[in-house]
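See below for work38.cif, which holds mmCIF, C-alpha atoms.
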data_input
#
loop_
_atom_site.group_PDB
_atom_site.id
_atom_site.type_symbol
_atom_site.label_atom_id
_atom_site.label_comp_id
_atom_site.auth_asym_id
_atom_site.auth_seq_id
_atom_site.Cartn_x
_atom_site.Cartn_y
_atom_site.Cartn_z
ATOM 1 C CA MET I 260 176.870 -182.007 213.508
ATOM 2 C CA ASP I 261 175.813 -178.399 214.209
ATOM 3 C CA ILE I 262 173.472 -179.593 216.960
ATOM 4 C CA LEU I 263 176.238 -181.657 218.572
ATOM 5 C CA ALA I 264 178.603 -178.677 218.443
ATOM 6 C CA SER I 265 175.920 -176.466 220.004
ATOM 7 C CA LEU I 266 175.373 -179.021 222.770
ATOM 8 C CA ILE I 267 179.090 -179.071 223.525
ATOM 9 C CA LEU I 268 179.084 -175.268 223.557
ATOM 10 C CA TRP I 269 176.105 -175.044 225.915
ATOM 11 C CA ASN I 270 177.571 -177.650 228.249
ATOM 12 C CA GLY I 271 180.837 -175.720 228.297
ATOM 13 C CA VAL I 272 178.916 -172.660 229.465
ATOM 14 C CA ALA I 273 177.138 -174.820 232.045
ATOM 15 C CA ILE I 274 180.422 -176.168 233.433
ATOM 16 C CA ALA I 275 181.757 -172.616 233.756
ATOM 17 C CA LEU I 276 178.619 -171.469 235.579
ATOM 18 C CA ILE I 277 178.727 -174.469 237.911
ATOM 19 C CA GLY I 278 182.362 -173.778 238.694
ATOM 20 C CA VAL I 279 181.675 -170.162 239.628
ATOM 21 C CA ALA I 280 178.615 -171.144 241.683
ATOM 22 C CA ALA I 281 180.572 -173.849 243.519
ATOM 23 C CA VAL I 282 183.380 -171.428 244.398
ATOM 24 C CA CYS I 283 180.876 -168.826 245.638
ATOM 25 C CA ALA I 284 178.673 -171.337 247.486
ATOM 26 C CA ARG I 285 178.177 -170.724 251.200
ATOM 27 C CA GLN I 286 177.092 -174.316 251.790
ATOM 28 C CA PRO I 287 178.224 -177.727 250.512
ATOM 29 C CA VAL I 288 177.143 -178.346 246.913
ATOM 30 C CA ALA I 289 174.922 -181.402 246.365
ATOM 31 C CA TRP I 290 176.712 -182.686 243.267
ATOM 32 C CA ARG I 291 174.202 -185.444 242.519
ATOM 33 C CA TRP I 292 171.581 -182.742 242.015
ATOM 34 C CA VAL I 293 173.964 -180.823 239.752
ATOM 35 C CA PHE I 294 174.366 -184.002 237.696
ATOM 36 C CA ALA I 295 170.592 -184.536 237.654
ATOM 37 C CA ALA I 296 169.936 -180.946 236.575
ATOM 38 C CA PHE I 297 172.288 -181.004 233.612
ATOM 39 C CA SER I 298 171.440 -184.541 232.567
ATOM 40 C CA LEU I 299 167.813 -183.434 232.328
ATOM 41 C CA PHE I 300 168.873 -180.234 230.557
ATOM 42 C CA ASN I 301 170.634 -182.253 227.853
ATOM 43 C CA VAL I 302 167.709 -184.641 227.437
ATOM 44 C CA ASN I 303 165.310 -181.705 227.150
ATOM 45 C CA VAL I 304 167.418 -179.936 224.521
ATOM 46 C CA CYS I 305 167.929 -183.151 222.540
ATOM 47 C CA LEU I 306 164.184 -183.804 222.495
ATOM 48 C CA VAL I 307 163.333 -180.256 221.418
ATOM 49 C CA LEU I 308 165.965 -180.351 218.650
ATOM 50 C CA ASN I 309 164.955 -183.845 217.492
ATOM 51 C CA VAL I 310 168.379 -185.382 218.131
ATOM 52 C CA PHE I 311 166.740 -188.782 218.683
ATOM 53 C CA GLY I 312 164.643 -188.518 215.516
ATOM 54 C CA LEU I 313 161.304 -188.820 217.312
ATOM 55 C CA ASN I 314 159.546 -185.932 215.565
ATOM 56 C CA GLY I 315 158.730 -188.058 212.538
ATOM 57 C CA LEU I 316 156.698 -190.457 214.695
ATOM 58 C CA ILE I 317 154.464 -187.630 215.894
ATOM 59 C CA TYR I 318 154.001 -186.159 212.435
ATOM 60 C CA ASN I 319 153.245 -189.581 210.924
ATOM 61 C CA LEU I 320 150.536 -190.140 213.528
ATOM 62 C CA LEU I 321 149.024 -186.776 212.577
ATOM 63 C CA GLY I 322 149.125 -187.509 208.853
ATOM 64 C CA ASN I 323 152.224 -185.399 208.154
ATOM 65 C CA PRO I 324 150.538 -181.972 208.290
ATOM 66 C CA GLU I 325 152.305 -178.935 206.857
ATOM 67 C CA LEU I 326 153.489 -177.016 209.906
ATOM 68 C CA SER I 327 155.789 -174.047 210.269
ATOM 69 C CA PHE I 328 156.784 -174.565 213.901
ATOM 70 C CA ASN I 329 158.498 -177.273 215.940
ATOM 71 C CA TRP I 330 155.310 -178.692 217.453
ATOM 72 C CA ALA I 331 156.625 -182.239 217.715
ATOM 73 C CA GLY I 332 159.882 -181.332 219.440
ATOM 74 C CA LYS I 333 158.101 -179.188 222.012
ATOM 75 C CA ILE I 334 155.339 -181.756 222.602
ATOM 76 C CA ILE I 335 157.820 -184.616 223.099
ATOM 77 C CA ALA I 336 159.935 -182.535 225.496
ATOM 78 C CA LEU I 337 156.785 -181.527 227.401
ATOM 79 C CA MET I 338 155.688 -185.175 227.581
ATOM 80 C CA PHE I 339 159.079 -186.098 229.024
ATOM 81 C CA SER I 340 158.738 -183.443 231.751
ATOM 82 C CA LEU I 341 155.176 -184.548 232.521
ATOM 83 C CA THR I 342 156.340 -188.170 232.736
ATOM 84 C CA LEU I 343 158.914 -187.203 235.370
ATOM 85 C CA LEU I 344 156.146 -185.501 237.326
ATOM 86 C CA MET I 345 153.581 -188.288 236.958
ATOM 87 C CA THR I 346 156.041 -190.954 238.081
ATOM 88 C CA GLY I 347 156.893 -188.945 241.179
ATOM 89 C CA ILE I 348 160.600 -188.631 240.353
ATOM 90 C CA VAL I 349 159.934 -184.921 240.755
ATOM 91 C CA ARG I 350 156.638 -183.798 242.262
ATOM 92 C CA TRP I 351 154.316 -181.030 241.111
ATOM 93 C CA HIS I 352 154.364 -179.106 244.373
ATOM 94 C CA GLN I 353 158.179 -179.144 244.384
ATOM 95 C CA ILE I 354 158.399 -177.329 241.049
ATOM 96 C CA GLY I 355 155.618 -174.826 241.711
ATOM 97 C CA GLY I 356 152.882 -176.728 239.927
ATOM 98 C CA VAL I 357 150.257 -175.408 242.329
ATOM 99 C CA PHE I 358 147.567 -172.722 242.265
ATOM 100 C CA LYS I 359 148.271 -171.564 245.821
ATOM 101 C CA GLN I 360 150.321 -168.364 245.818
ATOM 102 C CA SER I 361 153.045 -167.362 248.262
ATOM 103 C CA LYS I 362 152.773 -164.415 250.637
ATOM 104 C CA GLY I 363 153.807 -161.315 248.746
ATOM 105 C CA ALA I 364 152.681 -162.753 245.413
ATOM 106 C CA VAL I 365 150.582 -159.640 244.863
ATOM 107 C CA MET I 366 153.820 -157.939 243.841
ATOM 108 C CA GLY I 367 154.443 -160.524 241.128
ATOM 109 C CA TRP I 368 150.903 -160.390 239.800
ATOM 110 C CA SER I 369 151.045 -156.590 239.784
ATOM 111 C CA VAL I 370 154.114 -156.809 237.566
ATOM 112 C CA VAL I 371 152.299 -159.251 235.260
ATOM 113 C CA GLY I 372 149.324 -156.896 234.990
ATOM 114 C CA LEU I 373 151.501 -153.849 234.366
ATOM 115 C CA LEU I 374 153.540 -155.566 231.654
ATOM 116 C CA CYS I 375 150.399 -156.838 229.941
ATOM 117 C CA VAL I 376 149.021 -153.292 229.826
ATOM 118 C CA VAL I 377 152.327 -152.024 228.409
ATOM 119 C CA GLY I 378 152.312 -154.877 225.889
ATOM 120 C CA VAL I 379 148.816 -154.036 224.706
ATOM 121 C CA GLY I 380 149.766 -150.383 224.368
ATOM 122 C CA LEU I 381 152.856 -151.167 222.307
ATOM 123 C CA ALA I 382 150.929 -153.618 220.142
ATOM 124 C CA LEU I 383 148.321 -150.973 219.340
ATOM 125 C CA VAL I 384 150.928 -148.319 218.536
ATOM 126 C CA LEU I 385 153.414 -150.392 216.552
ATOM 127 C CA PRO I 386 152.142 -151.714 213.188
ATOM 128 C CA ASP I 387 152.476 -155.415 212.419
ATOM 129 C CA GLU I 388 151.378 -157.863 209.738
ATOM 130 C CA PRO I 389 148.573 -160.347 210.521
ATOM 131 C CA HIS I 390 149.766 -163.720 211.810
ATOM 132 C CA SER I 391 148.481 -167.174 210.928
ATOM 133 C CA LEU I 392 146.268 -169.221 213.220
ATOM 134 C CA GLU I 393 149.096 -171.739 213.611
ATOM 135 C CA THR I 394 151.474 -169.005 214.746
ATOM 136 C CA ILE I 395 149.023 -167.765 217.384
ATOM 137 C CA ALA I 396 148.209 -171.291 218.587
ATOM 138 C CA TYR I 397 151.865 -172.300 218.849
ATOM 139 C CA GLN I 398 153.076 -169.140 220.575
ATOM 140 C CA LEU I 399 150.142 -169.217 222.975
ATOM 141 C CA THR I 400 150.868 -172.755 224.173
ATOM 142 C CA MET I 401 154.122 -174.523 223.352
ATOM 143 C CA PRO I 402 156.922 -172.188 224.495
ATOM 144 C CA SER I 403 155.186 -171.207 227.722
ATOM 145 C CA LEU I 404 154.112 -174.695 228.771
ATOM 146 C CA GLU I 405 157.236 -176.619 227.768
ATOM 147 C CA GLU I 406 159.841 -174.049 228.791
ATOM 148 C CA GLU I 407 158.238 -172.935 232.051
ATOM 149 C CA ILE I 408 157.581 -176.451 233.344
ATOM 150 C CA PHE I 409 161.163 -177.387 232.557
ATOM 151 C CA TYR I 410 163.321 -174.271 233.119
ATOM 152 C CA ARG I 411 161.354 -172.542 235.893
ATOM 153 C CA GLY I 412 160.108 -175.868 237.249
ATOM 154 C CA ILE I 413 162.159 -179.070 237.056
ATOM 155 C CA PHE I 414 165.537 -177.575 236.151
ATOM 156 C CA LEU I 415 165.310 -174.795 238.743
ATOM 157 C CA TYR I 416 164.178 -177.253 241.425
ATOM 158 C CA CYS I 417 167.200 -179.515 240.842
ATOM 159 C CA LEU I 418 169.546 -176.523 240.961
ATOM 160 C CA VAL I 419 167.992 -175.270 244.196
ATOM 161 C CA ARG I 420 168.577 -178.705 245.700
ATOM 162 C CA ALA I 421 172.183 -178.464 244.521
ATOM 163 C CA PHE I 422 173.064 -174.906 245.557
ATOM 164 C CA GLY I 423 170.321 -173.831 247.971
ATOM 165 C CA GLU I 424 167.736 -171.100 247.566
ATOM 166 C CA GLY I 425 170.111 -168.179 247.847
ATOM 167 C CA PRO I 426 169.641 -164.713 249.403
ATOM 168 C CA ARG I 427 166.338 -162.891 249.554
ATOM 169 C CA ILE I 428 166.300 -160.229 246.820
ATOM 170 C CA ALA I 429 163.228 -158.214 245.748
ATOM 171 C CA ALA I 430 160.762 -160.531 247.487
ATOM 172 C CA SER I 431 162.260 -163.767 246.090
ATOM 173 C CA ASN I 432 165.211 -166.050 246.868
ATOM 174 C CA PHE I 433 167.359 -165.267 243.836
ATOM 175 C CA GLY I 434 170.602 -167.206 244.254
ATOM 176 C CA SER I 435 172.979 -169.318 242.141
ATOM 177 C CA ALA I 436 170.224 -171.741 241.149
ATOM 178 C CA ALA I 437 168.056 -168.954 239.730
ATOM 179 C CA ILE I 438 171.007 -167.334 237.961
ATOM 180 C CA ILE I 439 172.180 -170.580 236.327
ATOM 181 C CA SER I 440 168.655 -171.518 235.239
ATOM 182 C CA THR I 441 168.129 -168.066 233.736
ATOM 183 C CA LEU I 442 171.477 -167.979 231.947
ATOM 184 C CA MET I 443 171.060 -171.434 230.419
ATOM 185 C CA PHE I 444 167.587 -170.431 229.199
ATOM 186 C CA THR I 445 169.177 -167.314 227.704
ATOM 187 C CA ILE I 446 172.143 -169.074 226.121
ATOM 188 C CA ILE I 447 170.100 -171.615 224.152
ATOM 189 C CA HIS I 448 168.154 -168.743 222.590
ATOM 190 C CA ALA I 449 171.156 -166.649 221.613
ATOM 191 C CA LEU I 450 174.324 -168.758 221.277
ATOM 192 C CA LEU I 451 174.814 -171.697 218.923
ATOM 193 C CA TRP I 452 177.090 -173.301 216.381
ATOM 194 C CA ASP I 453 175.974 -173.378 212.746
ATOM 195 C CA GLU I 454 177.578 -174.089 209.373
ATOM 196 C CA LYS I 455 179.388 -170.739 209.550
ATOM 197 C CA GLY I 456 180.768 -171.363 213.026
ATOM 198 C CA LEU I 457 179.987 -169.670 216.310
ATOM 199 C CA PHE I 458 176.810 -167.585 216.134
ATOM 200 C CA PHE I 459 175.814 -165.100 218.830
ATOM 201 C CA GLN I 460 172.719 -162.906 218.572
ATOM 202 C CA LEU I 461 173.016 -159.957 220.949
ATOM 203 C CA ASP I 462 169.396 -158.796 220.742
ATOM 204 C CA ALA I 463 168.139 -162.321 221.454
ATOM 205 C CA PHE I 464 170.563 -162.584 224.378
ATOM 206 C CA LEU I 465 169.375 -159.312 225.900
ATOM 207 C CA PHE I 466 165.676 -160.040 225.397
ATOM 208 C CA ALA I 467 165.849 -163.666 226.592
ATOM 209 C CA GLY I 468 168.057 -162.599 229.500
ATOM 210 C CA VAL I 469 165.738 -159.878 230.782
ATOM 211 C CA PHE I 470 162.677 -162.024 230.078
ATOM 212 C CA GLY I 471 164.285 -165.019 231.775
ATOM 213 C CA VAL I 472 165.091 -163.015 234.907
ATOM 214 C CA LEU I 473 161.496 -161.772 235.054
ATOM 215 C CA LEU I 474 160.013 -165.256 234.620
ATOM 216 C CA THR I 475 162.329 -166.785 237.223
ATOM 217 C CA TRP I 476 161.555 -163.956 239.640
ATOM 218 C CA LEU I 477 157.815 -164.478 239.117
ATOM 219 C CA ARG I 478 158.169 -168.193 239.835
ATOM 220 C CA LEU I 479 160.098 -167.545 243.038
ATOM 221 C CA ASN I 480 157.970 -164.605 244.166
ATOM 222 C CA THR I 481 154.605 -166.316 243.680
ATOM 223 C CA GLY I 482 155.740 -169.849 244.519
ATOM 224 C CA SER I 483 153.871 -171.090 241.454
ATOM 225 C CA LEU I 484 154.390 -171.677 237.728
ATOM 226 C CA LEU I 485 151.046 -170.054 236.964
ATOM 227 C CA ALA I 486 152.309 -166.463 236.669
ATOM 228 C CA PRO I 487 155.379 -167.343 234.528
ATOM 229 C CA ILE I 488 153.280 -169.473 232.162
ATOM 230 C CA LEU I 489 150.666 -166.757 231.700
ATOM 231 C CA MET I 490 153.320 -164.051 231.349
ATOM 232 C CA HIS I 491 155.244 -166.111 228.781
ATOM 233 C CA SER I 492 152.089 -166.719 226.739
ATOM 234 C CA ALA I 493 151.092 -163.055 226.935
ATOM 235 C CA VAL I 494 154.481 -161.746 225.784
ATOM 236 C CA ASN I 495 154.531 -164.215 222.877
ATOM 237 C CA THR I 496 151.020 -163.477 221.650
ATOM 238 C CA ILE I 497 149.702 -160.011 222.611
ATOM 239 C CA TRP I 498 151.590 -158.189 219.862
ATOM 240 C CA ARG I 499 150.619 -160.873 217.349
ATOM 241 C CA LEU I 500 146.921 -160.657 218.174
ATOM 242 C CA LEU I 501 146.453 -156.871 218.161
#
Since I need it in another form, could you write the structure as structure tokens?
Amino acid sequence: MDILASLILWNGVAIALIGVAAVCARQPVAWRWVFAAFSLFNVNVCLVLNVFGLNGLIYNLLGNPELSFNWAGKIIALMFSLTLLMTGIVRWHQIGGVFKQSKGAVMGWSVVGLLCVVGVGLALVLPDEPHSLETIAYQLTMPSLEEEIFYRGIFLYCLVRAFGEGPRIAASNFGSAAIISTLMFTIIHALLWDEKGLFFQLDAFLFAGVFGVLLTWLRLNTGSLLAPILMHSAVNTIWRLL
């Protein structure tokens, strides 16, 4: 019931964002792509949160290991995204699944390098308890692969087809599509409905919001998912490794 309420909440936010973007649009909105984007968003969230009860199948195949993280939900959601790409419904090059970098990508990679250096410095200065091998393995792979391929890849692509690329800002086309993708990524990390009612975590909202903007900008600046995936993995693991 809490998951259903959260889904309704997130879709309410999505409808509001779409409404604002449609009013501000300087070109006709391709509504079929809006429908595609948010249909895929709901499927992705339902798979991650095990709404369809598929996690048990994965764990049974693996002998029901004792795990602390949502490996199955992330793997199933990632498999769904990869299926869309393998069937050609959405193509790799359309979502930035390429190694070739755009002109001006040196700016994006410079930001990645700088933030990694800052991250290492903070990790060395700030004390932290050792983390398990499972924690490192999960944070190194699952969030970055599943979330980047979907949010900065498939979801963003559908929204760009719906609203257009938007104006050129800081060496990337950061328009309504990028803003909606970033905000929905932020909302699912910070706003939900639980047994106590509406729950909003301000620090998670601020961190996911700033991080989401950076990752979306990297995707648009470099023209590839490579930088966002590596940046996402680095932010999740550097401070846990050092």
Work out where the centre of an axis-aligned box around every listed atom of stretch 373-391 of chain I lies and how long its edges are once 8 Å is added on each side; give both in Å to one decimal as JSON.
{"center_x": 150.9, "center_y": -157.7, "center_z": 222.1, "size_x": 21.2, "size_y": 34.9, "size_z": 40.6}
* Asked: What's the 12 Å shell around I:Ile267, counting only C-alpha atoms, without same-chain residues fewer than 2 positions away, as a list in words?
  ->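 Answer for this query is Met260, Asp261, Ile262, Leu263, Ala264, Ser265, Trp269, Asn270, Gly271, Val272, Ala273, Ile274, Asn301, Val304, Cys305, Ile447, Leu450, Leu451, Trp452 and Leu457 of chain I.
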* To do: Translate the PyMOL selection byres ((chain I and resi 430-440) around 7), as applied to the file shown, into an explicit residue set as number ranges by chain.
  => I: 276, 280, 410, 414-415, 418-419, 422, 424-429, 441-444, 475-476, 479-480
With C-alpha atoms retained, could you export that selection as an mmCIF file, keeping the file's coordinate frame?
data_model
loop_
_atom_site.group_PDB
_atom_site.id
_atom_site.type_symbol
_atom_site.label_atom_id
_atom_site.label_comp_id
_atom_site.auth_asym_id
_atom_site.auth_seq_id
_atom_site.Cartn_x
_atom_site.Cartn_y
_atom_site.Cartn_z
ATOM 1 C CA LEU I 276 178.619 -171.469 235.579
ATOM 2 C CA ALA I 280 178.615 -171.144 241.683
ATOM 3 C CA TYR I 410 163.321 -174.271 233.119
ATOM 4 C CA PHE I 414 165.537 -177.575 236.151
ATOM 5 C CA LEU I 415 165.310 -174.795 238.743
ATOM 6 C CA LEU I 418 169.546 -176.523 240.961
ATOM 7 C CA VAL I 419 167.992 -175.270 244.196
ATOM 8 C CA PHE I 422 173.064 -174.906 245.557
ATOM 9 C CA GLU I 424 167.736 -171.100 247.566
ATOM 10 C CA GLY I 425 170.111 -168.179 247.847
ATOM 11 C CA PRO I 426 169.641 -164.713 249.403
ATOM 12 C CA ARG I 427 166.338 -162.891 249.554
ATOM 13 C CA ILE I 428 166.300 -160.229 246.820
ATOM 14 C CA ALA I 429 163.228 -158.214 245.748
ATOM 15 C CA THR I 441 168.129 -168.066 233.736
ATOM 16 C CA LEU I 442 171.477 -167.979 231.947
ATOM 17 C CA MET I 443 171.060 -171.434 230.419
ATOM 18 C CA PHE I 444 167.587 -170.431 229.199
ATOM 19 C CA THR I 475 162.329 -166.785 237.223
ATOM 20 C CA TRP I 476 161.555 -163.956 239.640
ATOM 21 C CA LEU I 479 160.098 -167.545 243.038
ATOM 22 C CA ASN I 480 157.970 -164.605 244.166
#
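Picture a line from atom CA of I:Glu405 to atom CA of I:His448; it runs 14.4 Å.
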* Compile the contact shell of stretch 340-343 of chain I as a VMD selection string: residues with an atom at most 12 Å away, counting all atoms listed in the file, same-chain residues fewer than 5 positions apart removed. => chain I and resid 299 to 300 302 to 304 306 to 307 333 to 335 348 to 351 354 356 404 to 414
* **Residues matched by the PyMOL selection byres ((chain I and resi 492) around 7), written as a ChimeraX atom specification** => /I:398-400,403,488-491,493-496
* To do: Just give me the gap between atom CA of I:Arg420 and atom CA of I:Pro487 in Å, one decimal is fine.
  =>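 For atom CA of I:Arg420 relative to atom CA of I:Pro487, the distance reads 20.7 Å.
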* Grab the atom CA of I:Tyr397 to atom CA of I:Gly315 distance for me, in Å with one decimal place. => 18.3 Å
* Which is closest to I:Arg291 among I:Val376, I:Cys417, I:Leu266, I:Leu344, if we use only C-alpha atoms? ->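 The answer is I:Cys417, which sits nearest to I:Arg291.
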* Between I:Ile317, I:Leu385, I:Leu392, I:Cys375, which is the closest to I:Trp330 once you count all atoms listed in the file? -> I:Ile317
* Asked: What lies within 7 Å of I:Ala463 using all atoms listed in the file, ignoring chain neighbours under 3 positions off, as a ChimeraX atom specification?
  -> /I:448-449,460,466-467
* Result set of the PyMOL selection byres ((chain I and resi 326) around 12) on the coordinates above, as an NGL selection string -> :I and (318 or 321-325 or 327-331 or 391-394 or 396-397)
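Residue nearest I:Leu465 within the list I:Met338, I:Ile446, I:Val371, I:Leu477: I:Ile446 [criterion: smallest interatomic distance, all atoms listed in the file].
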* **Neighbour residues at most 8 Å from (147.5, -172.4, 240.5) (all atoms listed in the file) as a list in words** =>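 Output of the proximity query reads Gly356, Val357, Phe358, Lys359, Gln360, Ser483, Leu484 and Leu485 of chain I.
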Restore N, CA and C atoms in stretch 394-416 of chain I and list the result as a tab-separated table (two decimals), in the frame of the given file.
chain	number	residue	atom	x	y	z
I	394	THR	N	150.52	-169.81	213.99
I	394	THR	CA	151.47	-169.00	214.75
I	394	THR	C	150.91	-168.63	216.11
I	395	ILE	N	149.67	-168.16	216.12
I	395	ILE	CA	149.02	-167.76	217.38
I	395	ILE	C	148.89	-168.97	218.31
I	396	ALA	N	148.42	-170.09	217.77
I	396	ALA	CA	148.21	-171.29	218.59
I	396	ALA	C	149.52	-171.80	219.19
I	397	TYR	N	150.56	-171.81	218.37
I	397	TYR	CA	151.86	-172.30	218.85
I	397	TYR	C	152.44	-171.38	219.92
I	398	GLN	N	152.48	-170.08	219.64
I	398	GLN	CA	153.08	-169.14	220.58
I	398	GLN	C	152.28	-169.01	221.87
I	399	LEU	N	151.00	-169.29	221.80
I	399	LEU	CA	150.14	-169.22	222.98
I	399	LEU	C	150.36	-170.39	223.92
I	400	THR	N	150.81	-171.53	223.38
I	400	THR	CA	150.87	-172.76	224.17
I	400	THR	C	152.25	-173.36	224.35
I	401	MET	N	152.93	-173.68	223.28
I	401	MET	CA	154.12	-174.52	223.35
I	401	MET	C	155.30	-173.92	224.11
I	402	PRO	N	155.77	-172.72	223.76
I	402	PRO	CA	156.92	-172.19	224.50
I	402	PRO	C	156.64	-172.02	225.99
I	403	SER	N	155.48	-171.48	226.32
I	403	SER	CA	155.19	-171.21	227.72
I	403	SER	C	155.04	-172.49	228.53
I	404	LEU	N	154.31	-173.46	228.02
I	404	LEU	CA	154.11	-174.70	228.77
I	404	LEU	C	155.40	-175.50	228.88
I	405	GLU	N	156.04	-175.77	227.75
I	405	GLU	CA	157.24	-176.62	227.77
I	405	GLU	C	158.39	-175.96	228.51
I	406	GLU	N	158.68	-174.70	228.21
I	406	GLU	CA	159.84	-174.05	228.79
I	406	GLU	C	159.64	-173.70	230.26
I	407	GLU	N	158.46	-173.29	230.64
I	407	GLU	CA	158.24	-172.94	232.05
I	407	GLU	C	158.25	-174.16	232.95
I	408	ILE	N	157.59	-175.23	232.53
I	408	ILE	CA	157.58	-176.45	233.34
I	408	ILE	C	158.99	-177.00	233.49
I	409	PHE	N	159.79	-176.88	232.43
I	409	PHE	CA	161.16	-177.39	232.56
I	409	PHE	C	162.09	-176.37	233.22
I	410	TYR	N	162.29	-175.20	232.62
I	410	TYR	CA	163.32	-174.27	233.12
I	410	TYR	C	162.97	-173.64	234.46
I	411	ARG	N	161.74	-173.16	234.63
I	411	ARG	CA	161.35	-172.54	235.89
I	411	ARG	C	160.78	-173.57	236.87
I	412	GLY	N	160.63	-174.81	236.41
I	412	GLY	CA	160.11	-175.87	237.25
I	412	GLY	C	161.16	-176.91	237.59
I	413	ILE	N	161.29	-177.93	236.77
I	413	ILE	CA	162.16	-179.07	237.06
I	413	ILE	C	163.63	-178.67	237.17
I	414	PHE	N	164.13	-177.96	236.18
I	414	PHE	CA	165.54	-177.58	236.15
I	414	PHE	C	165.90	-176.70	237.35
I	415	LEU	N	165.07	-175.69	237.61
I	415	LEU	CA	165.31	-174.80	238.74
I	415	LEU	C	165.25	-175.55	240.06
I	416	TYR	N	164.30	-176.46	240.19
I	416	TYR	CA	164.18	-177.25	241.42
I	416	TYR	C	165.46	-178.05	241.70
